[in-house]
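Below is the file final21.txt, which contains compact mmCIF, C-alpha atoms.
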```txt
# COMPACT_ATOMS: atom_id res chain seq x y z
CA MET Z 10 17.13 21.67 -5.85
CA PRO Z 11 17.79 21.16 -2.10
CA TRP Z 12 14.94 21.34 0.41
CA CYS Z 13 14.64 21.79 4.16
CA PRO Z 14 12.85 18.70 5.54
CA LYS Z 15 11.59 20.69 8.53
CA CYS Z 16 10.50 24.06 7.06
CA LYS Z 17 9.70 22.68 3.56
CA ASN Z 18 11.64 25.61 2.00
CA GLU Z 19 13.46 25.21 -1.33
CA TYR Z 20 17.01 26.57 -1.74
CA LYS Z 21 19.41 27.22 -4.57
CA GLU Z 22 22.05 24.68 -5.53
CA GLY Z 23 25.11 24.87 -3.30
CA VAL Z 24 23.23 25.70 -0.09
CA THR Z 25 23.52 22.87 2.46
CA VAL Z 26 21.87 24.22 5.63
CA CYS Z 27 18.46 25.84 6.20
CA ALA Z 28 18.82 29.54 7.00
CA ASP Z 29 15.73 29.48 9.25
CA CYS Z 30 16.19 26.39 11.41
CA GLY Z 31 19.71 25.16 10.72
CA GLU Z 32 18.51 21.75 9.51
CA PRO Z 33 20.72 20.03 6.88
CA LEU Z 34 19.08 20.18 3.45
CA VAL Z 35 18.03 17.12 1.44
CA ASP Z 36 17.74 16.54 -2.30
CA LYS Z 37 13.99 15.96 -2.10
CA LEU Z 38 11.26 15.92 0.49
CA PRO Z 39 10.00 12.56 1.71
CA ASP Z 40 6.63 11.49 0.37
CA GLU Z 41 3.74 12.60 2.53
CA LEU Z 42 1.87 9.76 4.25
CA GLU Z 43 -1.56 9.11 2.78
CA TYR Z 44 -4.11 8.89 5.58
CA VAL Z 45 -7.30 6.85 5.20
CA PHE Z 46 -10.46 6.68 7.33
CA LEU Z 47 -10.39 4.02 10.07
CA LEU Z 48 -13.41 4.65 12.30
CA SER Z 49 -15.45 7.36 14.04
CA VAL Z 50 -16.41 7.91 17.69
CA GLU Z 51 -18.84 10.27 19.38
CA GLU Z 52 -16.54 11.52 22.14
CA GLU Z 53 -13.67 13.85 21.26
CA ALA Z 54 -11.73 12.88 24.39
CA LEU Z 55 -12.04 9.20 23.47
CA ALA Z 56 -10.80 9.89 19.94
CA HIS Z 57 -7.69 11.68 21.19
CA LYS Z 58 -7.14 8.99 23.80
CA PHE Z 59 -7.09 6.36 21.04
CA ILE Z 60 -4.58 8.46 19.06
CA GLU Z 61 -2.35 8.44 22.15
CA TYR Z 62 -2.81 4.68 22.36
CA LEU Z 63 -1.76 4.35 18.70
CA SER Z 64 1.34 6.40 19.44
CA TYR Z 65 2.10 4.13 22.43
CA SER Z 66 1.84 1.17 20.02
CA GLY Z 67 4.28 2.78 17.58
CA LEU Z 68 1.58 3.83 15.11
CA SER Z 69 0.31 7.16 13.76
CA GLY Z 70 -3.11 8.75 13.54
CA LYS Z 71 -5.09 11.98 13.51
CA VAL Z 72 -8.57 13.16 14.47
CA GLU Z 73 -10.95 15.30 12.40
CA GLN Z 74 -14.44 16.41 13.35
CA SER Z 75 -17.07 15.33 10.85
CA GLU Z 76 -18.09 18.05 8.39
CA ASP Z 77 -21.40 16.37 7.63
CA PRO Z 78 -24.23 18.20 9.50
CA GLU Z 79 -25.95 14.87 10.19
CA THR Z 80 -22.85 13.50 11.93
CA ALA Z 81 -21.40 16.74 13.29
CA ASP Z 82 -21.04 15.21 16.75
CA GLU Z 83 -18.74 12.45 15.46
CA TYR Z 84 -14.96 12.51 15.38
CA LYS Z 85 -13.26 10.63 12.57
CA ILE Z 86 -9.95 8.87 13.06
CA PHE Z 87 -7.52 8.55 10.16
CA VAL Z 88 -4.35 6.44 9.97
CA PRO Z 89 -1.63 5.94 7.34
CA GLU Z 90 -2.78 3.53 4.65
CA ASN Z 91 0.09 1.12 5.36
CA GLU Z 92 -0.87 0.93 9.07
CA VAL Z 93 -4.58 0.13 8.74
CA LYS Z 94 -4.29 -3.53 9.77
CA HIS Z 95 -2.10 -2.63 12.77
CA ALA Z 96 -4.53 0.11 13.79
CA LYS Z 97 -7.53 -2.25 13.62
CA LYS Z 98 -5.81 -4.66 16.00
CA ALA Z 99 -4.76 -1.80 18.27
CA PHE Z 100 -8.38 -0.63 18.41
CA GLN Z 101 -9.49 -4.10 19.49
CA ALA Z 102 -7.03 -3.92 22.39
CA PHE Z 103 -8.04 -0.35 23.21
CA TYR Z 104 -11.74 -1.23 23.14
CA VAL Z 105 -11.26 -4.19 25.50
CA VAL Z 106 -9.43 -2.02 28.02
CA GLU Z 107 -11.96 0.82 27.80
CA GLU Z 108 -14.93 -1.50 28.24
CA GLU Z 109 -13.33 -3.17 31.23
CA ALA Z 110 -12.65 0.22 32.79
CA LYS Z 111 -16.31 1.21 32.30
CA ARG Z 112 -17.53 -2.01 33.90
CA GLU Z 113 -15.24 -1.53 36.87
CA ALA Z 114 -16.41 2.06 37.25
CA ALA Z 115 -20.05 0.95 37.23
CA ARG Z 116 -19.37 -1.68 39.90
CA ASN Z 117 -17.65 0.88 42.09
CA VAL Z 118 -20.44 3.47 42.16
CA ALA Z 119 -21.90 2.25 45.47
CA GLN Z 120 -18.58 1.89 47.27
CA THR Z 121 -17.23 4.30 49.87
CA ASP Z 122 -14.62 6.87 48.86
CA ASP Z 123 -11.75 5.00 50.50
CA THR Z 124 -12.72 1.65 49.03
CA ARG Z 125 -13.39 3.23 45.64
CA ASN Z 126 -9.97 4.88 45.54
CA ALA Z 127 -8.24 1.59 46.32
CA THR Z 128 -10.26 -0.30 43.71
CA VAL Z 129 -9.74 2.33 41.02
CA ALA Z 130 -6.00 2.28 41.66
CA GLU Z 131 -5.94 -1.50 41.33
CA THR Z 132 -8.13 -1.37 38.22
CA PHE Z 133 -5.88 1.24 36.61
CA SER Z 134 -2.83 -0.93 37.30
CA ASN Z 135 -4.51 -4.05 35.88
CA ASN Z 136 -5.80 -2.19 32.82
CA ALA Z 137 -2.38 -0.68 32.20
CA GLN Z 138 -0.82 -4.14 32.26
CA GLU Z 139 -3.57 -5.51 29.99
CA ALA Z 140 -3.13 -2.59 27.62
CA GLU Z 141 0.58 -3.25 27.41
CA LYS Z 142 0.00 -6.93 26.62
CA LEU Z 143 -2.67 -6.19 24.02
CA SER Z 144 -0.64 -3.35 22.54
CA HIS Z 145 2.28 -5.67 21.95
CA ALA Z 146 -0.09 -8.17 20.35
CA GLY Z 147 -1.64 -5.44 18.18
CA SER Z 148 1.65 -3.98 17.04
CA ASN Z 149 3.11 -7.25 15.79
CA ALA Z 150 4.19 -7.36 12.18
CA PRO Z 151 1.39 -8.35 9.80
CA TYR Z 152 1.10 -11.97 8.68
CA VAL Z 153 3.60 -12.89 5.98
CA LYS Z 154 2.32 -15.39 3.45
CA LYS Z 155 4.37 -18.54 2.89
CA SER Z 156 4.67 -17.71 -0.80
CA GLU Z 157 6.24 -14.36 0.13
CA GLN Z 158 8.60 -16.08 2.56
CA TYR Z 159 9.64 -18.45 -0.24
CA SER Z 160 10.39 -15.52 -2.56
CA ASP Z 161 12.38 -13.74 0.17
CA TYR Z 162 14.47 -16.82 0.99
CA LYS Z 163 15.12 -17.51 -2.71
CA SER Z 164 16.21 -13.91 -3.29
CA THR Z 165 18.44 -13.98 -0.20
CA ALA Z 166 20.03 -17.25 -1.30
CA ALA Z 167 20.79 -15.92 -4.79
CA THR Z 168 22.28 -12.67 -3.45
CA PHE Z 169 24.53 -14.23 -0.80
CA LEU Z 170 25.68 -17.06 -3.05
CA PHE Z 171 26.52 -14.60 -5.83
CA PHE Z 172 28.69 -12.43 -3.61
CA GLY Z 173 30.08 -15.37 -1.63
CA ILE Z 174 31.18 -17.40 -4.65
CA GLY Z 175 32.32 -14.28 -6.50
CA GLY Z 176 34.35 -13.21 -3.47
CA CYS Z 177 35.99 -16.64 -3.16
CA ILE Z 178 36.99 -16.49 -6.83
CA LEU Z 179 38.56 -13.07 -6.20
CA MET Z 180 40.45 -14.47 -3.19
CA VAL Z 181 41.85 -17.34 -5.28
CA LEU Z 182 42.95 -14.94 -8.02
CA ASN Z 183 44.44 -12.67 -5.36
CA LEU Z 184 46.43 -15.55 -3.83
CA LEU Z 185 47.68 -16.61 -7.30
CA GLY Z 186 48.88 -13.06 -7.94
CA THR Z 187 46.59 -12.57 -10.92
CA ILE Z 188 45.05 -9.56 -9.22
CA SER Z 189 46.08 -7.57 -6.15
CA ILE Z 190 43.11 -6.40 -4.10
CA PHE Z 191 43.75 -7.73 -0.60
CA ASN Z 192 47.23 -7.25 0.83
CA GLY Z 193 48.42 -8.94 3.99
CA ILE Z 194 47.59 -12.27 5.58
CA VAL Z 195 45.15 -10.74 8.08
CA SER Z 196 42.96 -9.07 5.45
CA GLU Z 197 43.03 -12.21 3.31
CA ILE Z 198 41.88 -14.38 6.22
CA VAL Z 199 39.17 -11.93 7.26
CA MET Z 200 37.77 -11.49 3.75
CA SER Z 201 37.92 -15.24 3.07
CA ALA Z 202 35.90 -15.82 6.25
CA VAL Z 203 33.36 -13.20 5.17
CA PHE Z 204 32.87 -14.76 1.73
CA ILE Z 205 32.57 -18.25 3.22
CA PHE Z 206 29.98 -16.89 5.65
CA PHE Z 207 28.04 -15.47 2.66
CA ILE Z 208 28.03 -18.90 1.03
CA ALA Z 209 26.83 -20.51 4.29
CA VAL Z 210 23.97 -18.00 4.54
CA GLY Z 211 23.07 -18.69 0.91
CA ILE Z 212 22.97 -22.47 1.47
CA ASN Z 213 20.89 -22.01 4.63
CA SER Z 214 18.47 -19.78 2.71
CA ILE Z 215 18.10 -22.44 0.02
CA SER Z 216 17.13 -24.95 2.72
CA ARG Z 217 14.61 -22.50 4.17
CA ALA Z 218 13.26 -21.73 0.70
CA LYS Z 219 12.56 -25.43 0.09
CA LYS Z 220 10.70 -25.67 3.39
CA ALA Z 221 8.76 -22.46 2.63
CA ALA Z 222 7.84 -23.79 -0.83
CA ALA Z 223 6.23 -26.88 0.72
CA GLU Z 224 4.46 -24.74 3.33
CA SER Z 225 3.30 -22.35 0.61
CA GLU Z 226 1.68 -25.19 -1.32
CA ALA Z 227 -0.11 -26.39 1.83
CA GLU Z 228 -1.19 -22.84 2.65
CA GLU Z 229 -2.64 -22.31 -0.82
CA LYS Z 230 -4.72 -25.47 -0.46
CA MET Z 231 -5.93 -24.29 2.97
CA ASN Z 232 -6.75 -20.86 1.49
CA VAL Z 233 -8.96 -22.49 -1.15
CA THR Z 234 -10.72 -24.61 1.47
CA LEU Z 235 -11.33 -21.70 3.87
CA ASN Z 236 -12.38 -19.28 1.13
CA ASN Z 237 -14.93 -21.83 -0.10
CA TRP Z 238 -16.20 -22.15 3.47
CA LEU Z 239 -16.43 -18.36 3.81
CA GLU Z 240 -18.22 -18.19 0.46
CA GLN Z 241 -20.92 -20.48 1.84
CA ASN Z 242 -21.15 -19.08 5.36
CA LEU Z 243 -20.28 -15.38 5.11
CA THR Z 244 -23.09 -13.77 3.12
CA LYS Z 245 -24.89 -10.45 3.37
CA GLU Z 246 -27.68 -12.27 5.18
CA THR Z 247 -25.19 -13.59 7.73
CA LEU Z 248 -23.77 -10.12 8.22
CA GLU Z 249 -27.22 -8.72 8.92
CA LYS Z 250 -27.97 -11.47 11.46
CA LEU Z 251 -24.70 -10.87 13.31
CA ARG Z 252 -24.89 -7.09 13.12
CA ASP Z 253 -25.68 -5.25 16.36
CA PRO Z 254 -27.33 -1.90 15.48
CA SER Z 255 -26.44 -0.48 18.90
CA ILE Z 256 -22.68 -0.42 18.16
CA SER Z 257 -20.54 1.04 15.40
CA ASP Z 258 -19.60 -0.69 12.14
CA GLU Z 259 -16.02 -1.01 13.39
CA LEU Z 260 -17.09 -2.87 16.53
CA ASN Z 261 -19.45 -5.03 14.47
CA TYR Z 262 -16.49 -5.97 12.26
CA ILE Z 263 -14.43 -6.93 15.32
CA HIS Z 264 -17.31 -9.08 16.60
CA LEU Z 265 -17.75 -10.68 13.17
CA THR Z 266 -14.03 -11.49 12.96
CA ASP Z 267 -14.06 -13.13 16.39
CA VAL Z 268 -17.11 -15.25 15.49
CA LEU Z 269 -15.59 -16.40 12.19
CA LYS Z 270 -12.23 -17.22 13.76
CA SER Z 271 -13.91 -19.33 16.44
CA GLU Z 272 -15.95 -21.21 13.83
CA ILE Z 273 -12.93 -21.86 11.60
CA GLN Z 274 -10.83 -23.01 14.54
CA ARG Z 275 -13.59 -25.38 15.60
CA GLU Z 276 -14.27 -26.64 12.07
CA PHE Z 277 -10.72 -26.90 10.67
CA GLY Z 278 -8.40 -26.76 13.71
CA VAL Z 279 -6.49 -23.72 12.41
CA THR Z 280 -4.88 -21.98 15.40
CA ASP Z 281 -2.73 -19.28 13.77
CA GLU Z 282 -4.74 -16.14 14.58
CA ALA Z 283 -2.52 -13.86 12.48
CA TYR Z 284 -3.19 -16.08 9.45
CA LEU Z 285 -6.94 -16.08 10.13
CA ASP Z 286 -7.01 -12.29 10.64
CA ASN Z 287 -5.30 -11.81 7.29
CA LEU Z 288 -7.52 -14.34 5.48
CA ILE Z 289 -10.79 -12.91 6.84
CA ASP Z 290 -9.69 -9.31 6.29
CA GLU Z 291 -8.78 -9.99 2.63
CA TYR Z 292 -12.00 -11.91 1.99
CA TYR Z 293 -14.17 -9.23 3.61
CA SER Z 294 -12.36 -6.39 1.81
CA ASP Z 295 -12.69 -8.06 -1.59
CA ARG Z 296 -16.42 -8.74 -1.29
CA PHE Z 297 -18.03 -6.27 1.10
CA ASP Z 298 -15.87 -3.14 1.38
CA ALA Z 299 -16.90 -0.35 -0.95
```
Could you quickly redo this structure as structure tokens?
Amino acid sequence: MPWCPKCKNEYKEGVTVCADCGEPLVDKLPDELEYVFLLSVEEEALAHKFIEYLSYSGLSGKVEQSEDPETADEYKIFVPENEVKHAKKAFQAFYVVEEEAKREAARNVAQTDDTRNATVAETFSNNAQEAEKLSHAGSNAPYVKKSEQYSDYKSTAATFLFFGIGGCILMVLNLLGTISIFNGIVSEIVMSAVFIFFIAVGINSISRAKKAAAESEAEEKMNVTLNNWLEQNLTKETLEKLRDPSISDELNYIHLTDVLKSEIQREFGVTDEAYLDNLIDEYYSDRFDA
């Protein structure tokens, strides 16, 4: 049965346009996004400001006031499940900008009105630029494992080689007169070029797959080494020592991640922050997240 994607109304077969809004009907409604809890803040204005920041970064989110009487003054932020990692990085950028703005505001309290206005304008400009930089960093695609890259390249190679070689066989049969699919010299030249291009892409993907396979093996060895190091150094006792009771769990996690990344970079020389973010996040989720 057809549905209106805007009004969510169901119609009888044969109807193609919504009678209420004029929207073209679809065979089925898209799946609703499943939102999961990300973090909570005490200021409603700050919560909505972060939602706007997520939107600026190309992400989604919503705010709900806590229903628990003990935390009634908190505002919970939810994001789509597939955007959690992006949202965590976006919050790091947002937090840096907000904290810098607060520090600047505190430094400007004793200034005259004219001086304060000039400084605030400059601060706003600098923070806006910093927010843009951090937002771009936070909205990057998540880290793709080398093993996944290998699978992608291998699949791409198989697909393009299949169609490229198959197309060339068809062109030969067409030229011999066995079949008649492409008529005219122009179409034959164009289609031959397309099929040859497919073969070239397939060969290039094979080369990339070989490189990714070697990188995947090296990455797996590094994963084992770093996970063993985390096993020894990231314990519940360590978490308690690093935890700052004056800030939220989310900010404590950001601080913990920064500390671990610095230690790993110093100990092992790993500089790929996206790789480290993914490794630490997976390790922490597997062992400490409820």
Pick from Z:Lys154, Z:Arg217, Z:Lys58, Z:Arg116, whichever lies nearest to Z:Tyr104 using all atoms listed in the file: Z:Lys58
Distance query 12 Å from (16.7, 26.6, 12.3) using all atoms listed in the file, result as a PyMOL selection string: chain Z and resi 13-18+26-34
Centre and size of axis-aligned box enclosing stretch 64-71 of chain Z plus 6 Å each side, as lines of an AutoDock Vina configuration file:
```
center_x = -0.4
center_y = 6.6
center_z = 18.0
size_x = 21.4
size_y = 22.8
size_z = 20.9
```
Expected answer as a PyMOL selection string: all residues with atoms within 8 Å of (-18.9, -12.1, -2.8), only C-alpha atoms: chain Z and resi 240+244+295-297
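Checking Z:Cys177, Z:Ile190, Z:Arg112, Z:Lys97 one by one against Z:Val203, counting all atoms listed in the file, you find the shortest gap at Z:Cys177.
Taking only C-alpha atoms into account, Z:Gln74 lies nearest to Z:Glu51 out of the set Z:Lys98, Z:Pro89, Z:Val35, Z:Glu51.
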All residues 10 Å or closer to Z:Tyr293, all atoms listed in the file, same chain fewer than 5 positions away omitted, as JSON, numbers by chain: {"Z": [239, 243, 262, 266, 287, 288, 298]}
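When only C-alpha atoms are used to measure the gap to Z:Tyr65, the shortest distance among Z:Tyr84, Z:Tyr44, Z:Phe103, Z:Phe277 belongs to Z:Phe103.
Atom CA of Z:Glu90 sits 29.4 Å away from atom CA of Z:Gln274.
Using all atoms listed in the file, the nearest neighbour of Z:Ser156 within the list Z:Phe100, Z:Leu170, Z:Leu184, Z:Lys219 is Z:Lys219.
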Residue contacts of Z:Asn91 (12 Å, all atoms listed in the file) excluding same-chain residues fewer than 6 positions away, as number ranges by chain: Z: 42-45, 47, 68-70, 97, 150-151
Among listed residues Z:Ile86, Z:Val233, Z:Met200, Z:Val105, nearest Z:Glu61 (using all atoms listed in the file): Z:Ile86
Spatial neighbours of Z:Gly175, 12 Å, all atoms listed in the file, chain gap at least 2 places, as a list of chain:residue names: Z:Ala167, Z:Thr168, Z:Phe169, Z:Leu170, Z:Phe171, Z:Phe172, Z:Gly173, Z:Cys177, Z:Ile178, Z:Leu179, Z:Met180, Z:Val181, Z:Leu182, Z:Met200, Z:Ser201, Z:Val203, Z:Phe204, Z:Ile205, Z:Phe207, Z:Ile208
